[in-house]
Number of protein chains: 4
Amino acid sequence: MPSKISVSIIGATGYTGLELLRFLTLHPHVGLKHLVSHNHAGQKLSALFPHLQGVCDKALTDLPSEQVAKKSDLIFLALPHGESQALVPKWLGKTKIIDLAGDFRTHDARLFQKYYGKEHAFPQGLSQFVYGFSEGKKEEIKKANAVANPGCFAITAELALFPLKQWIKNVSVVAVTGSSGSGKIPKESAHHPIRSHNMQSYKIGTHQHLPEVMQTLGLQESQIVWVPTRGPFTRGIHLTAFVELAKPFKEREVLARFQKNYAGSPFVRLKAGVELAAVVGSNFGDIAIHQAGDKFIIQAVIDNLVKGAAGNAIQNMNLMMGFDETAGLLINPLYP
Amino acid sequence: MPSKISVSIIGATGYTGLELLRFLTLHPHVGLKHLVSHNHAGQKLSALFPHLQGVCDKALTDLPSEQVAKKSDLIFLALPHGESQALVPKWLGKTKIIDLAGDFRTHDARLFQKYYGKEHAFPQGLSQFVYGFSEGKKEEIKKANAVANPGCFAITAELALFPLKQWIKNVSVVAVTGSSGSGKIPKESAHHPIRSHNMQSYKIGTHQHLPEVMQTLGLQESQIVWVPTRGPFTRGIHLTAFVELAKPFKEREVLARFQKNYAGSPFVRLKAGVELAAVVGSNFGDIAIHQAGDKFIIQAVIDNLVKGAAGNAIQNMNLMMGFDETAGLLINPLYP
Amino acid sequence: MPSKISVSIIGATGYTGLELLRFLTLHPHVGLKHLVSHNHAGQKLSALFPHLQGVCDKALTDLPSEQVAKKSDLIFLALPHGESQALVPKWLGKTKIIDLAGDFRTHDARLFQKYYGKEHAFPQGLSQFVYGFSEGKKEEIKKANAVANPGCFAITAELALFPLKQWIKNVSVVAVTGSSGSGKIPKESAHHPIRSHNMQSYKIGTHQHLPEVMQTLGLQESQIVWVPTRGPFTRGIHLTAFVELAKPFKEREVLARFQKNYAGSPFVRLKAGVELAAVVGSNFGDIAIHQAGDKFIIQAVIDNLVKGAAGNAIQNMNLMMGFDETAGLLINPLYP
Amino acid sequence: MPSKISVSIIGATGYTGLELLRFLTLHPHVGLKHLVSHNHAGQKLSALFPHLQGVCDKALTDLPSEQVAKKSDLIFLALPHGESQALVPKWLGKTKIIDLAGDFRTHDARLFQKYYGKEHAFPQGLSQFVYGFSEGKKEEIKKANAVANPGCFAITAELALFPLKQWIKNVSVVAVTGSSGSGKIPKESAHHPIRSHNMQSYKIGTHQHLPEVMQTLGLQESQIVWVPTRGPFTRGIHLTAFVELAKPFKEREVLARFQKNYAGSPFVRLKAGVELAAVVGSNFGDIAIHQAGDKFIIQAVIDNLVKGAAGNAIQNMNLMMGFDETAGLLINPLYP
């Protein structure tokens, strides 16, 4: 392992790419090699993004994939869903890859087609990716050459439910997300005049993060009801799950399972109650458990761009490269 | 019925009192008589509240209750929970009363004590109040002399679930409220630096609106799980209920029940999907229904200060006085 | 004058059109005739805008201009800047017109070209429009057949400075606007993830509202410095002007001028201090005056969609049609 | 110089104290010694502040001042204005001090009394403090034992105007601040239901940051007009200054002065235009210059809790201790 590895980002100008840069420019073991953007090749990142002046003045490039691969120890793909399928075959096996889109999260091409609405272009690649739920797949990730980083809603649900995996009879979920989750391109659902004071659910029961949650938790479609909801804030996901378990547990037993499960997880915090503001800007995932009769209410909060995207991806990079799991990620929540 | 009735407000300087004024100053059949406030007696409302200059320049008073009663055809009590118990006996039977606090919503003094944390001071008064869920108790309200206006969370749940009343096996609810619900007095949970981007649940399973919901829907405590949650916006409640029914219904059957139930309800709108921004500032309650396997997801949105407080109270006044149900309430949503 | 006049709106689906509808659907002397939208002809407004269900279920139309004119006593044009130039010749003289865009505000075609960046298509029409600053041009508006409704920034400045018109030596202005001012089409400057917590000035010294302000106040370009700024809220403009006067006035003299000037203006409120939240949703313009050495600090706040657009346009309609100036506009501020 | 210095914070539970912790817990040359809070002595910080769990689990203490001094190489005082006057004499000369309150910023006790409304309790201490405008007093700060860290409004104005110091004839300023500037204790001006969509100026011409600005820029009261304004966001200050200079400068000459002045200032960024969102969470101060006739419009933005408080204080600590000026401060803006 060199003192610094060479890392490239494909799709550096989206919110996920920018968030990778927020952390990677300060990562002790990373040197940024290529920042690829076809739309903005030749421009300086700091000319496009006013916050990056003095932080990252590197120019964007549209170098051919081969050259990017040759010069990079690891590549982050931060592209819109569906685009990495075409690119991944060029790199797989030549360099380490972490894909932040949805293309390789489920191992079942039929589920991909059902939830993403198109046939998968590289189904034989699905089995070559390890699903990057760092808290649940640590040993596999350490050995992986290709990791599919979880969706933001998905990882929140997985953090909230993974320790109960074997006993979930059914679960109903409301998860409220900040507007940064809808990306950098202006769109109606993130138009400030309304979004600033709106709440609205969407894709009820059909959201594309469902298959990866089902896969991680071993659930059938009939066992999970999912209500993704847009909230009037920029960063974060606040998730509430109502869980029925296959066995009568006491609250302290459930809590003990969580404590044991997450004992070695530096970014998971178990709490009496969670609040979104406590994790903004950081890689923490906070979890709280309440018993309510024969159900359990489990709540989890994360920053959707950090633990829900870039931060978790860097955590996976750290695991893949043998770095300390927290390297470059020890940035505290922004409070208030 | 006189061309204009005399109406007084006890507690005119809280958010609920101010919201009553927003509508009552323009109500075609209402003349404002006394605005009572012990803390600010003698001051002009417009000196305390900059938005009221030119809208309502009346002075506040601390006239004795008897005089207020004698001059008023109807009195709104917009006081903190627990205060109207002491005042109500002075007025009951002498003038019509609409209480916007929680004191007389449940008919069971033990439930009051359990959820409000103190013994009820006037338990014999409980049976003299009609619960003011306008869409469910219209005929009783028309004949009532005293009405207990529902809590903001409660009426949202009742709108969402009342047409299914006989068939609810169990229900789990997440309801997210705006900061105006916490009142005009600054407090930590409504402190802008955090509230502006926070979501946080509170009083899970113990919220004081539970007993009135249980009473209206005929539910036992074991049948309802309730997660009240604070959201980062000023006005509104966005509620999601996961319902299990005692009988296998089809979605169109459930929808038909709602259509029939709310056919004569001018402020209820059934929709394919709800969004909070569509009701802000207005007395509308919007409802949407989704089937999800053997559960139903029912969502409802209201403005917590209007349909959740002052607007619904005026709707009840209209019913009690024989006015058109919508008189003075035809103010459109503020969009955007 | 008929008991109700027939009013049509060209461009009913923008924020200005929607805001006209918020007021006009409740206006005592107005019947809505045609709502014209070429993009959405045939659709019901309530299908496009969830808040309008039960408020205005009328269908949009793309009827030929002649037919719209024939059936309408008055037409509001609520189109993007530059589009009404082509339409106005069809209606001028046939029906009363209020144009809410910038096309006919200045009487100088060269200034139009300079600030709007294109040649005016109907320069001979400029002199046929009365500039609709209701508080400054009341008598002219009463007699007008065509009114050019002021820009939102412009009317705020005019309210703040008109009583000092003869004595302004120079003035520097910072005006902060809500995101609704940028319209209904999503755009980068109104993208929620950033706009929610951003402030950013734009078009410093070149904003298209400058020529109408100069015209109304009799100022040269060298006398006014203007810093339009975007703020992180939905509705309103908060304006601060630093004024140097040609004559040494005392604060009470200036205040007296304002009091006298606005004595007959039902929507202007003079205050010791202004705050944006006091006018949101209403047609009020609040003004406060502070002396600071040899300068005066004058602040004004309005709701940009009401006094800054639709409300003021309806006020002008009331004046043109001989209605009470406040008819249909007595909707109180939404507070909080 | 030890590998790590011992640093204590007096008043660790306010927003400024918390922000010091956000940076100091990750500072390479700092060990946290004592966190003093009389109200919360004995409690763990992470029990009071949910975001600090796993970040700083240290307990608060109310150790006597002498002991705190003896164990600390440097003490940050993050107390409400007026409280450090009584404490400073105990430490002055015994350990290095950085006071983040207003007590020792001006060297003129009469100005303190005028703007803070009370007599200074330790006027002889005023001359012993160096004013901590890092970009303007670097050499003095390096040698200082006691530094008075600037006010948030003040340092924004100083960044915007310092390079023009000798030529300012007069200046008018509008500065808009986020709600975190009002501190952690809930108060009416930071109550979310209104603050969320309000703008309101306050203390026009009397704000307590004026004397330090005048002192730094060499201005008389008659030369500066100042309009502090509250904005509806959590973090940041957006300042606009209209400056008249004593000499006719060209824009490029002014720009050149800024470039030269700030050449060695790692946290100052000169830009074509500034926006608040580009600095949030970071220690950057961004500045833009526009000429407008015979005036200059200079805008500056900072994060009020970072460059306006804790970040700048740590920058001063770095200078005082001989560390790299940016040590521990290289945290990127949070964008979006």
# chains A, B, ... in the order shown; residues from 1 in each chain; ligands from 1
>>> interface_residues(of="chain D", to="chain A", cutoff="6 Å", atoms="only C-alpha atoms", output="JSON, numbers by chain")
{"D": [22, 50, 51, 278, 332]}
>>> select_by_dssp(residues="segment 58-195 of chain C", states="strand (DSSP E)", output="list in words")
Leu74, Ile75, Phe76, Leu77, Lys96, Ile97, Ile98, Asp99, Val130, Tyr131, Ala146, Val147, Ala148, Ile168, Lys169, Asn170, Val171, Ser172, Val173, Val174, Ala175, Val176 and Thr177 of chain C
>>> write_last_selection(atoms="C-alpha atoms", output="PDB file, in the first residue's frame")
ATOM      1  CA  LEU C  74     -61.129  43.194 -18.148  1.00  0.00           C
ATOM      2  CA  ILE C  75     -58.146  41.019 -18.939  1.00  0.00           C
ATOM      3  CA  PHE C  76     -55.153  40.322 -16.738  1.00  0.00           C
ATOM      4  CA  LEU C  77     -51.994  39.377 -18.609  1.00  0.00           C
ATOM      5  CA  LYS C  96     -59.619  46.941 -20.256  1.00  0.00           C
ATOM      6  CA  ILE C  97     -56.169  45.481 -19.735  1.00  0.00           C
ATOM      7  CA  ILE C  98     -53.850  45.060 -16.789  1.00  0.00           C
ATOM      8  CA  ASP C  99     -50.448  43.740 -17.755  1.00  0.00           C
ATOM      9  CA  VAL C 130     -50.742  54.097 -17.133  1.00  0.00           C
ATOM     10  CA  TYR C 131     -48.103  52.856 -14.719  1.00  0.00           C
ATOM     11  CA  ALA C 146     -54.623  49.912 -19.867  1.00  0.00           C
ATOM     12  CA  VAL C 147     -52.436  49.628 -16.805  1.00  0.00           C
ATOM     13  CA  ALA C 148     -48.897  48.313 -16.522  1.00  0.00           C
ATOM     14  CA  ILE C 168     -33.789  62.593  -3.333  1.00  0.00           C
ATOM     15  CA  LYS C 169     -30.169  63.398  -4.078  1.00  0.00           C
ATOM     16  CA  ASN C 170     -29.106  59.796  -4.223  1.00  0.00           C
ATOM     17  CA  VAL C 171     -30.199  56.465  -2.855  1.00  0.00           C
ATOM     18  CA  SER C 172     -28.595  53.071  -2.288  1.00  0.00           C
ATOM     19  CA  VAL C 173     -30.872  50.082  -2.000  1.00  0.00           C
ATOM     20  CA  VAL C 174     -30.598  46.481  -0.834  1.00  0.00           C
ATOM     21  CA  ALA C 175     -33.774  44.531  -1.543  1.00  0.00           C
ATOM     22  CA  VAL C 176     -34.104  40.862  -0.584  1.00  0.00           C
ATOM     23  CA  THR C 177     -36.717  38.765  -2.344  1.00  0.00           C
TER      24      THR C 177
END
>>> residues_around(residues="Glu119 of chain B", least_positions_apart="6", cutoff="8 Å", atoms="only C-alpha atoms", output="PyMOL selection string")
chain B and resi 109-110+112-113
>>> atom_distance(atom1="atom CA of Pro228 of chain A", atom2="atom CA of Lys295 of chain B")
16.4 Å
>>> residues_around(residues="Leu219 of chain C", least_positions_apart="5", cutoff="12 Å", atoms="only C-alpha atoms", output="list in words")
Glu158, Leu161, Phe162, Leu164, Lys165, Gln166, Trp167, Ile168, Lys169, Asn170, Val171, Leu210, Pro211, Glu212, Val213, Met214, Ile224 and Val225 of chain C
>>> write_last_selection(atoms="C-alpha atoms", output="PDB file, in the first residue's frame")
ATOM      1  CA  GLU C 158     -41.658  53.369  -4.777  1.00  0.00           C
ATOM      2  CA  LEU C 161     -39.424  56.688  -1.522  1.00  0.00           C
ATOM      3  CA  PHE C 162     -42.360  58.301  -3.314  1.00  0.00           C
ATOM      4  CA  LEU C 164     -39.580  62.133  -0.836  1.00  0.00           C
ATOM      5  CA  LYS C 165     -39.608  62.251  -4.618  1.00  0.00           C
ATOM      6  CA  GLN C 166     -38.625  65.883  -5.028  1.00  0.00           C
ATOM      7  CA  TRP C 167     -35.715  65.763  -2.607  1.00  0.00           C
ATOM      8  CA  ILE C 168     -33.789  62.593  -3.333  1.00  0.00           C
ATOM      9  CA  LYS C 169     -30.169  63.398  -4.078  1.00  0.00           C
ATOM     10  CA  ASN C 170     -29.106  59.796  -4.223  1.00  0.00           C
ATOM     11  CA  VAL C 171     -30.199  56.465  -2.855  1.00  0.00           C
ATOM     12  CA  LEU C 210     -34.670  50.069 -12.351  1.00  0.00           C
ATOM     13  CA  PRO C 211     -36.167  52.081 -15.242  1.00  0.00           C
ATOM     14  CA  GLU C 212     -39.667  52.113 -13.763  1.00  0.00           C
ATOM     15  CA  VAL C 213     -38.327  53.179 -10.370  1.00  0.00           C
ATOM     16  CA  MET C 214     -36.323  55.971 -12.003  1.00  0.00           C
ATOM     17  CA  ILE C 224     -29.541  55.159  -7.639  1.00  0.00           C
ATOM     18  CA  VAL C 225     -27.524  52.099  -6.655  1.00  0.00           C
TER      19      VAL C 225
END
>>> select_by_dssp(residues="segment 44-175 of chain C", states="alpha helix (DSSP H)", output="ChimeraX atom specification")
/C:45-48,65-71,84-91,109-116,138-143,152-161
>>> atom_distance(atom1="atom CA of Thr61 of chain A", atom2="atom CA of Gln43 of chain A")
8.0 Å
>>> atom_distance(atom1="atom CA of Ala41 of chain D", atom2="atom CA of Glu66 of chain D")
16.7 Å
>>> residues_around(residues="Ala327 of chain C", least_positions_apart="2", cutoff="8 Å", atoms="only C-alpha atoms", output="number ranges by chain")
C: 27-29, 315, 318, 323-325, 329-330
>>> write_last_selection(atoms="all heavy atoms", output="compact mmCIF listing (two decimals), in the first residue's frame")
# COMPACT_ATOMS: atom_id res chain seq x y z
N HIS C 27 -63.64 37.37 -5.00
CA HIS C 27 -63.92 38.80 -5.18
C HIS C 27 -65.43 39.00 -5.38
O HIS C 27 -66.05 38.33 -6.21
CB HIS C 27 -63.16 39.33 -6.39
CG HIS C 27 -63.09 40.82 -6.46
ND1 HIS C 27 -64.19 41.61 -6.72
CD2 HIS C 27 -62.05 41.68 -6.30
CE1 HIS C 27 -63.83 42.89 -6.72
NE2 HIS C 27 -62.53 42.95 -6.46
N PRO C 28 -66.05 39.93 -4.64
CA PRO C 28 -67.51 40.07 -4.70
C PRO C 28 -68.04 40.59 -6.04
O PRO C 28 -69.20 40.36 -6.35
CB PRO C 28 -67.81 41.09 -3.58
CG PRO C 28 -66.53 41.85 -3.39
CD PRO C 28 -65.44 40.86 -3.67
N HIS C 29 -67.20 41.25 -6.82
CA HIS C 29 -67.71 41.85 -8.06
C HIS C 29 -67.14 41.21 -9.31
O HIS C 29 -67.21 41.79 -10.39
CB HIS C 29 -67.39 43.36 -8.09
CG HIS C 29 -67.77 44.08 -6.85
ND1 HIS C 29 -68.99 43.91 -6.24
CD2 HIS C 29 -67.11 45.00 -6.09
CE1 HIS C 29 -69.05 44.67 -5.15
NE2 HIS C 29 -67.92 45.33 -5.03
N GLN C 315 -56.14 45.70 -7.01
CA GLN C 315 -56.39 47.06 -6.50
C GLN C 315 -56.57 48.02 -7.69
O GLN C 315 -57.49 48.86 -7.70
CB GLN C 315 -55.20 47.47 -5.63
CG GLN C 315 -55.37 48.75 -4.84
CD GLN C 315 -54.13 49.05 -3.98
OE1 GLN C 315 -53.27 48.18 -3.80
NE2 GLN C 315 -54.05 50.27 -3.46
N ASN C 318 -59.90 47.42 -9.24
CA ASN C 318 -60.95 48.08 -8.45
C ASN C 318 -61.03 49.57 -8.78
O ASN C 318 -62.13 50.12 -8.94
CB ASN C 318 -60.66 47.89 -6.95
CG ASN C 318 -60.90 46.45 -6.48
OD1 ASN C 318 -61.59 45.68 -7.16
ND2 ASN C 318 -60.34 46.09 -5.34
N PHE C 323 -64.91 50.15 -8.28
CA PHE C 323 -65.22 49.40 -7.07
C PHE C 323 -64.52 50.05 -5.88
O PHE C 323 -63.64 50.90 -6.03
CB PHE C 323 -64.73 47.95 -7.18
CG PHE C 323 -65.26 47.19 -8.36
CD1 PHE C 323 -64.48 46.20 -8.96
CD2 PHE C 323 -66.54 47.43 -8.87
CE1 PHE C 323 -64.95 45.47 -10.04
CE2 PHE C 323 -67.01 46.70 -9.95
CZ PHE C 323 -66.22 45.73 -10.55
N ASP C 324 -64.90 49.60 -4.70
CA ASP C 324 -64.13 50.00 -3.53
C ASP C 324 -62.68 49.52 -3.71
O ASP C 324 -62.45 48.39 -4.14
CB ASP C 324 -64.75 49.38 -2.27
CG ASP C 324 -64.07 49.85 -1.01
OD1 ASP C 324 -62.94 49.35 -0.74
OD2 ASP C 324 -64.62 50.69 -0.31
N GLU C 325 -61.74 50.39 -3.36
CA GLU C 325 -60.33 50.06 -3.61
C GLU C 325 -59.91 48.74 -2.95
O GLU C 325 -58.99 48.06 -3.42
CB GLU C 325 -59.44 51.21 -3.12
CG GLU C 325 -57.99 51.09 -3.53
CD GLU C 325 -57.17 52.34 -3.16
OE1 GLU C 325 -57.79 53.36 -2.78
OE2 GLU C 325 -55.93 52.28 -3.25
N LEU C 329 -59.77 42.26 -1.50
CA LEU C 329 -58.37 42.24 -1.06
C LEU C 329 -58.23 42.17 0.45
O LEU C 329 -57.12 42.18 0.98
CB LEU C 329 -57.65 43.48 -1.59
CG LEU C 329 -57.44 43.49 -3.11
CD1 LEU C 329 -56.94 44.85 -3.58
CD2 LEU C 329 -56.45 42.41 -3.51
N LEU C 330 -59.37 42.12 1.14
CA LEU C 330 -59.31 42.11 2.60
C LEU C 330 -59.05 40.70 3.10
O LEU C 330 -59.90 40.06 3.73
CB LEU C 330 -60.59 42.70 3.17
CG LEU C 330 -60.72 44.21 2.87
CD1 LEU C 330 -62.05 44.73 3.35
CD2 LEU C 330 -59.57 44.98 3.52
